[in-house]
Amino acid sequence: DLMNADSANADALFKQFSKNISAIETQASKVRKTVDSMNAQGAAYFAAWEQDAALFQNPDLKAQADKRRLELQKSYKQINSYLKATGEAYQPFKSNLRDVERFLSNDLTPAGRASISAPLQRITTEGRVTQKAIDNAIRIMDEVEAKFKP
């Protein structure tokens, strides 16, 4: 909308664009904190599970517990892999959005907005890559939740 706005609306749309970038950064920060917490809790959970499994006397139950733990650990690693990919895709996306914001803060004219159409196409592609990584992480989390839900 900002790129196609008339001069009367451009300033208001630019302010909304800046607010949206800040909202994305706030959400990303929350996600990073959640991922860090998830990793710490996951490590403690698997360590406790291994300790509990060592106490089994019945070899069949121990084997089942070990199989289940390994299956969950594999899924957990897959989630972390997708979350890492999301973070890696997000960084250039965020940086480029901030660059566009800086550029437009100095040249919000129709000619200025038109001059950044090529970078915006790349940023749109980066946004799609980031969204795909997020979608993959969510899909895996949903699969794990369904598989291990009591």
# chains A, B, ... in the order shown; residues from 1 in each chain; ligands from 1

call {"tool": "residues_around", "arguments": {"residues": "A:Ile116", "least_positions_apart": "5", "cutoff": "9 Å", "atoms": "only C-alpha atoms", "output": "PyMOL selection string"}}
result
chain A and resi 100+103+121

call {"tool": "write_last_selection", "arguments": {"atoms": "C-alpha atoms", "output": "PDB file, in the first residue's frame"}}
result
ATOM      1  CA  VAL A 100      13.971   0.376   3.463  1.00  0.00           C
ATOM      2  CA  PHE A 103      15.684   5.053   2.945  1.00  0.00           C
ATOM      3  CA  GLN A 121      11.084  -7.673  -4.542  1.00  0.00           C
TER       4      GLN A 121
END

call {"tool": "residues_around", "arguments": {"residues": "A:Thr109", "least_positions_apart": "3", "cutoff": "8 Å", "atoms": "only C-alpha atoms", "output": "list in words"}}
result
Ser7, Gly112 and Arg113 of chain A

call {"tool": "residues_around", "arguments": {"residues": "A:Leu108", "least_positions_apart": "6", "cutoff": "10 Å", "atoms": "only C-alpha atoms", "output": "PyMOL selection string"}}
result
chain A and resi 2-3+7+10-11+14+101+114

call {"tool": "residues_around", "arguments": {"residues": "stretch 26-30 of chain A", "least_positions_apart": "4", "cutoff": "12 Å", "atoms": "only C-alpha atoms", "output": "ChimeraX atom specification"}}
result
/A:19-22,34-37,83,86-91,93-94,130,134

call {"tool": "closest_residue", "arguments": {"among": "A:Ala48, A:Ile79, A:Ala23, A:Leu61", "to": "A:Glu143", "atoms": "only C-alpha atoms"}}
result
A:Ile79

call {"tool": "closest_residue", "arguments": {"among": "A:Ala63, A:Val129, A:Ala85, A:Leu72", "to": "A:Phe148", "atoms": "only C-alpha atoms"}}
result
A:Leu72

call {"tool": "closest_residue", "arguments": {"among": "A:Asn106, A:Ala133, A:Ile140, A:Ser95", "to": "A:Ile24", "atoms": "only C-alpha atoms"}}
result
A:Ser95

call {"tool": "decode", "arguments": {"residues": "stretch 118-137 of chain A", "atoms": "N, CA and C atoms", "output": "mmCIF file, in the first residue's frame"}}
result
data_model
loop_
_atom_site.group_PDB
_atom_site.id
_atom_site.type_symbol
_atom_site.label_atom_id
_atom_site.label_comp_id
_atom_site.auth_asym_id
_atom_site.auth_seq_id
_atom_site.Cartn_x
_atom_site.Cartn_y
_atom_site.Cartn_z
ATOM 1 N N ALA A 118 13.107 -2.870 -6.895
ATOM 2 C CA ALA A 118 13.910 -4.101 -6.996
ATOM 3 C C ALA A 118 14.299 -4.634 -5.616
ATOM 4 N N PRO A 119 14.823 -3.783 -4.706
ATOM 5 C CA PRO A 119 15.106 -4.299 -3.367
ATOM 6 C C PRO A 119 13.862 -4.829 -2.657
ATOM 7 N N LEU A 120 12.731 -4.198 -2.896
ATOM 8 C CA LEU A 120 11.498 -4.674 -2.261
ATOM 9 C C LEU A 120 11.095 -6.057 -2.766
ATOM 10 N N GLN A 121 11.371 -6.333 -4.021
ATOM 11 C CA GLN A 121 11.084 -7.673 -4.542
ATOM 12 C C GLN A 121 11.943 -8.711 -3.836
ATOM 13 N N ARG A 122 13.222 -8.389 -3.596
ATOM 14 C CA ARG A 122 14.102 -9.311 -2.861
ATOM 15 C C ARG A 122 13.641 -9.481 -1.419
ATOM 16 N N ILE A 123 13.216 -8.384 -0.808
ATOM 17 C CA ILE A 123 12.733 -8.453 0.573
ATOM 18 C C ILE A 123 11.464 -9.300 0.636
ATOM 19 N N THR A 124 10.611 -9.164 -0.344
ATOM 20 C CA THR A 124 9.400 -9.987 -0.397
ATOM 21 C C THR A 124 9.771 -11.459 -0.479
ATOM 22 N N THR A 125 10.784 -11.781 -1.276
ATOM 23 C CA THR A 125 11.261 -13.163 -1.369
ATOM 24 C C THR A 125 11.814 -13.625 -0.027
ATOM 25 N N GLU A 126 12.607 -12.775 0.626
ATOM 26 C CA GLU A 126 13.126 -13.116 1.958
ATOM 27 C C GLU A 126 11.991 -13.355 2.942
ATOM 28 N N GLY A 127 10.954 -12.544 2.848
ATOM 29 C CA GLY A 127 9.796 -12.717 3.716
ATOM 30 C C GLY A 127 9.126 -14.065 3.483
ATOM 31 N N ARG A 128 9.046 -14.471 2.231
ATOM 32 C CA ARG A 128 8.453 -15.778 1.918
ATOM 33 C C ARG A 128 9.319 -16.923 2.464
ATOM 34 N N VAL A 129 10.637 -16.779 2.345
ATOM 35 C CA VAL A 129 11.551 -17.794 2.887
ATOM 36 C C VAL A 129 11.391 -17.882 4.402
ATOM 37 N N THR A 130 11.329 -16.727 5.043
ATOM 38 C CA THR A 130 11.134 -16.693 6.494
ATOM 39 C C THR A 130 9.808 -17.340 6.864
ATOM 40 N N GLN A 131 8.755 -16.995 6.150
ATOM 41 C CA GLN A 131 7.435 -17.566 6.444
ATOM 42 C C GLN A 131 7.422 -19.074 6.235
ATOM 43 N N LYS A 132 8.107 -19.554 5.199
ATOM 44 C CA LYS A 132 8.168 -20.995 4.947
ATOM 45 C C LYS A 132 8.878 -21.705 6.095
ATOM 46 N N ALA A 133 9.959 -21.115 6.589
ATOM 47 C CA ALA A 133 10.675 -21.715 7.723
ATOM 48 C C ALA A 133 9.778 -21.748 8.961
ATOM 49 N N ILE A 134 9.039 -20.684 9.189
ATOM 50 C CA ILE A 134 8.103 -20.642 10.320
ATOM 51 C C ILE A 134 7.032 -21.714 10.145
ATOM 52 N N ASP A 135 6.467 -21.799 8.952
ATOM 53 C CA ASP A 135 5.425 -22.803 8.682
ATOM 54 C C ASP A 135 5.944 -24.221 8.907
ATOM 55 N N ASN A 136 7.181 -24.488 8.473
ATOM 56 C CA ASN A 136 7.766 -25.817 8.679
ATOM 57 C C ASN A 136 7.933 -26.124 10.161
ATOM 58 N N ALA A 137 8.411 -25.158 10.924
ATOM 59 C CA ALA A 137 8.590 -25.369 12.365
ATOM 60 C C ALA A 137 7.240 -25.632 13.030
#
